[in-house]
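> Take a look at the following structure, please.
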Amino acid sequence: MRRPRRTAAGILLAAGALLTAGLSTTTAHAAPATDHTAATTATAQQKARAFWTPERMRNATPLDLPGITPGSLVRPKSHGGPAAVAPTAPTAPAADVKDFPQAGGAWTGSGAVLKTTGRVFFTFQGRTASCSGDAVTSQNGSTVLTAGHCVKYQGAWHTNWVFAPGYHDGQSPYGTWTASKTMSTPQWVASEDMNYDVGAAVVAPLNGQTLTRTVGAQGLQFNGAYNQSLYAFGFPAASPYDGTKLIFCSGTSSKDFLLTHDHGLSCNMTGGSSGGPWFASFDEATGSGLQASVNSFGYVFLPNTMFGPYFGDDIKTLYEQAQTT
């Protein structure tokens, strides 16, 4: 009998979560590095910004990943107690937004999310590609969260990695921010385990300012509840979307019935939305919330449903690594 395939279905599957069974505890191979040094000099940063012309941004291909057949799935560790990091510099209240869609719809409100959420651009296997990301509260004021496969995939770290917060209609009103370092969880780096498909980037200052001083930042929630009200945002660029607008879905989340580790949400966002933030305790008026996941993957047999990794202790460790870099 043919086994069901797991797919990006436009939202981008993270690759397989196969257990590395039978490995000897005496294996001498070093674990793969969980971070990647990107553009660290002013010259390299300027080169990356110059590479991403408005035309290249418009033509960047959403990062679609191939579907796979699930094998032995990595089982999640037990979660610690709830923890939260408050948002930074919330903006003035926005007009009330009604009738949030269960599928995907353009965000017609205002508020912090319009500035903190943006498109991620990078070079992958010789082609220009796009994902989504979010600026979060951090000690360095320069931390962006995204999906793991939006920083590294098929054994290679992406290059020319930049973040364009507040992107809309081909414009980057708050500038293009170049990653000096990208990183992901050990589980994603080692085996591309979709339970841990979360990535981070530390971006260099621009015009003498840090990212979050310029656009503000969203808070975070670690070890939070399942089956809670969540809002997912991103910049899907595959049909029927074109990457020019911030799209969102909202509703009560579910718990992934196969991996038992991830959040699920009714949503039809497509390729390019990967890495966009999922917010708990989201305030419709201010556009602020606590980031609790990212857009990650879908199942081919379950259309219009997206899944995102649970922000447990491993993701918190990644966040701490990023914010103190």
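Letters A, B, ... go to the chains of the structure tokens in the order shown; residues in each chain start at 1; ligands are counted from 1 in the same order.
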For range 165-181 of chain A, please output as a short mmCIF file (atom, residue, chain, number, x, y, z; two decimals) with C-alpha atoms, in the first residue's frame all residues within 6 Å (counting only C-alpha atoms; exclusion window: fewer than 6 positions along the same chain).

```
data_model
loop_
_atom_site.label_atom_id
_atom_site.label_comp_id
_atom_site.auth_asym_id
_atom_site.auth_seq_id
_atom_site.Cartn_x
_atom_site.Cartn_y
_atom_site.Cartn_z
CA HIS A 36 26.72 30.10 9.54
CA THR A 37 28.80 33.24 9.20
CA ALA A 38 27.32 35.37 6.45
CA ALA A 39 28.14 38.99 5.55
CA THR A 40 30.29 40.34 8.37
CA GLN A 45 26.84 43.72 3.45
CA LEU A 114 3.16 45.73 9.24
CA LYS A 115 6.68 46.77 10.25
CA THR A 116 8.07 43.73 12.04
CA THR A 117 7.01 41.13 9.46
CA GLY A 118 8.79 41.09 6.13
CA ALA A 201 19.28 35.50 11.54
CA VAL A 202 21.28 38.26 13.18
CA VAL A 203 21.22 41.25 10.83
CA ALA A 204 23.81 43.98 10.68
CA THR A 244 3.38 41.81 -2.78
CA LYS A 245 1.11 41.88 0.28
#
```
> Return as a ChimeraX atom specification the full set of residues in range 102-322 of chain A whose backbone-based DSSP assignment is strand (DSSP E or B).
/A:105-106,117-124,127-136,143-146,152-153,156-157,159-165,168,171,177-184,199-203,206,209,217-222,229-234,247-252,254-255,263-266,277-283,288-294,297-299,302-308
> Take the residues just selected and output them with C-alpha atoms as an mmCIF file, in the first residue's frame.

```
data_model
loop_
_atom_site.group_PDB
_atom_site.id
_atom_site.type_symbol
_atom_site.label_atom_id
_atom_site.label_comp_id
_atom_site.auth_asym_id
_atom_site.auth_seq_id
_atom_site.Cartn_x
_atom_site.Cartn_y
_atom_site.Cartn_z
ATOM 1 C CA GLY A 105 -6.584 37.196 3.286
ATOM 2 C CA ALA A 106 -4.712 40.484 2.987
ATOM 3 C CA THR A 117 7.005 41.130 9.459
ATOM 4 C CA GLY A 118 8.792 41.093 6.128
ATOM 5 C CA ARG A 119 10.105 39.079 3.245
ATOM 6 C CA VAL A 120 13.313 37.087 3.398
ATOM 7 C CA PHE A 121 15.433 36.820 0.252
ATOM 8 C CA PHE A 122 18.419 34.575 -0.414
ATOM 9 C CA THR A 123 20.256 32.556 -3.024
ATOM 10 C CA PHE A 124 19.512 28.829 -3.008
ATOM 11 C CA ARG A 127 18.600 30.800 -7.902
ATOM 12 C CA THR A 128 16.986 33.677 -6.095
ATOM 13 C CA ALA A 129 14.361 32.581 -3.589
ATOM 14 C CA SER A 130 12.056 34.017 -0.945
ATOM 15 C CA CYS A 131 10.537 33.219 2.444
ATOM 16 C CA SER A 132 9.090 35.329 5.276
ATOM 17 C CA GLY A 133 10.367 36.391 8.690
ATOM 18 C CA ASP A 134 9.713 38.503 11.770
ATOM 19 C CA ALA A 135 11.735 40.887 13.944
ATOM 20 C CA VAL A 136 11.565 39.836 17.597
ATOM 21 C CA THR A 143 17.229 39.118 15.619
ATOM 22 C CA VAL A 144 14.888 37.775 12.913
ATOM 23 C CA LEU A 145 13.024 34.472 13.231
ATOM 24 C CA THR A 146 12.100 32.411 10.183
ATOM 25 C CA LYS A 152 19.680 26.067 5.333
ATOM 26 C CA TYR A 153 18.445 23.239 3.120
ATOM 27 C CA ALA A 156 23.906 23.998 2.374
ATOM 28 C CA TRP A 157 23.420 27.372 4.034
ATOM 29 C CA THR A 159 23.759 32.983 0.695
ATOM 30 C CA ASN A 160 22.956 36.652 -0.012
ATOM 31 C CA TRP A 161 20.496 36.463 2.905
ATOM 32 C CA VAL A 162 18.551 39.666 3.569
ATOM 33 C CA PHE A 163 15.392 40.722 5.404
ATOM 34 C CA ALA A 164 13.005 43.374 4.060
ATOM 35 C CA PRO A 165 10.633 44.351 6.921
ATOM 36 C CA HIS A 168 4.763 45.699 0.126
ATOM 37 C CA GLN A 171 8.910 48.328 -1.973
ATOM 38 C CA TRP A 177 18.919 44.243 6.295
ATOM 39 C CA THR A 178 21.805 41.873 5.636
ATOM 40 C CA ALA A 179 22.435 38.807 7.786
ATOM 41 C CA SER A 180 25.824 38.683 9.458
ATOM 42 C CA LYS A 181 24.966 35.236 10.833
ATOM 43 C CA THR A 182 22.228 32.664 10.245
ATOM 44 C CA MET A 183 21.458 29.689 12.461
ATOM 45 C CA SER A 184 19.007 26.892 13.146
ATOM 46 C CA GLY A 199 15.794 29.428 11.819
ATOM 47 C CA ALA A 200 17.170 32.744 12.982
ATOM 48 C CA ALA A 201 19.285 35.503 11.545
ATOM 49 C CA VAL A 202 21.280 38.263 13.182
ATOM 50 C CA VAL A 203 21.224 41.245 10.830
ATOM 51 C CA LEU A 206 21.752 49.810 8.813
ATOM 52 C CA GLN A 209 20.564 51.811 13.663
ATOM 53 C CA ALA A 217 9.800 43.924 17.647
ATOM 54 C CA GLN A 218 7.298 41.248 18.567
ATOM 55 C CA GLY A 219 7.393 39.271 21.809
ATOM 56 C CA LEU A 220 7.710 35.503 22.049
ATOM 57 C CA GLN A 221 5.937 32.624 23.748
ATOM 58 C CA PHE A 222 7.756 29.428 24.685
ATOM 59 C CA SER A 229 -6.163 31.298 19.187
ATOM 60 C CA LEU A 230 -3.342 31.959 16.724
ATOM 61 C CA TYR A 231 -2.715 34.381 13.874
ATOM 62 C CA ALA A 232 -0.334 33.404 11.073
ATOM 63 C CA PHE A 233 1.293 35.995 8.799
ATOM 64 C CA GLY A 234 3.491 35.744 5.739
ATOM 65 C CA ILE A 247 -1.363 37.812 4.116
ATOM 66 C CA PHE A 248 -2.747 36.269 7.293
ATOM 67 C CA CYS A 249 -4.894 33.468 8.646
ATOM 68 C CA SER A 250 -6.437 33.125 12.080
ATOM 69 C CA GLY A 251 -8.360 30.630 14.158
ATOM 70 C CA THR A 252 -8.070 28.082 16.930
ATOM 71 C CA SER A 254 -4.984 22.126 16.539
ATOM 72 C CA LYS A 255 -2.265 19.670 17.494
ATOM 73 C CA HIS A 263 0.620 23.381 15.773
ATOM 74 C CA GLY A 264 -1.914 23.189 12.940
ATOM 75 C CA LEU A 265 -4.068 25.998 11.580
ATOM 76 C CA SER A 266 -6.618 26.276 8.803
ATOM 77 C CA PRO A 277 5.233 34.335 12.347
ATOM 78 C CA TRP A 278 2.380 32.723 14.268
ATOM 79 C CA PHE A 279 1.181 34.892 17.147
ATOM 80 C CA ALA A 280 -0.562 34.015 20.381
ATOM 81 C CA SER A 281 -2.253 36.741 22.439
ATOM 82 C CA PHE A 282 -2.475 38.810 19.274
ATOM 83 C CA ASP A 283 -3.979 42.285 19.665
ATOM 84 C CA SER A 288 1.282 42.974 18.394
ATOM 85 C CA GLY A 289 1.493 39.498 19.863
ATOM 86 C CA LEU A 290 3.738 36.763 21.193
ATOM 87 C CA GLN A 291 5.356 34.695 18.468
ATOM 88 C CA ALA A 292 4.686 30.996 19.104
ATOM 89 C CA SER A 293 5.592 29.324 15.794
ATOM 90 C CA VAL A 294 6.435 29.873 12.128
ATOM 91 C CA PHE A 297 4.725 22.653 6.143
ATOM 92 C CA GLY A 298 1.509 20.948 5.043
ATOM 93 C CA TYR A 299 0.214 17.462 4.199
ATOM 94 C CA LEU A 302 -4.960 17.702 4.076
ATOM 95 C CA PRO A 303 -5.364 20.793 1.893
ATOM 96 C CA ASN A 304 -5.730 24.298 3.308
ATOM 97 C CA THR A 305 -4.074 23.385 6.589
ATOM 98 C CA MET A 306 -0.656 24.612 7.637
ATOM 99 C CA PHE A 307 1.592 23.389 10.414
ATOM 100 C CA GLY A 308 4.269 25.106 12.453
#
```
> Separation of CA of Gln323 in chain A and CA of Ser142 in chain A, in Å?
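Computing the Euclidean distance for CA of Gln323 in chain A and CA of Ser142 in chain A yields 7.3 Å.
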> With only C-alpha atoms as the atoms that count, which of A:Asn268, A:Ser253, A:Thr210, A:Ser296 lies nearest to Ser138 in chain A?
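Of the candidates, the smallest distance to Ser138 in chain A is held by A:Thr210.
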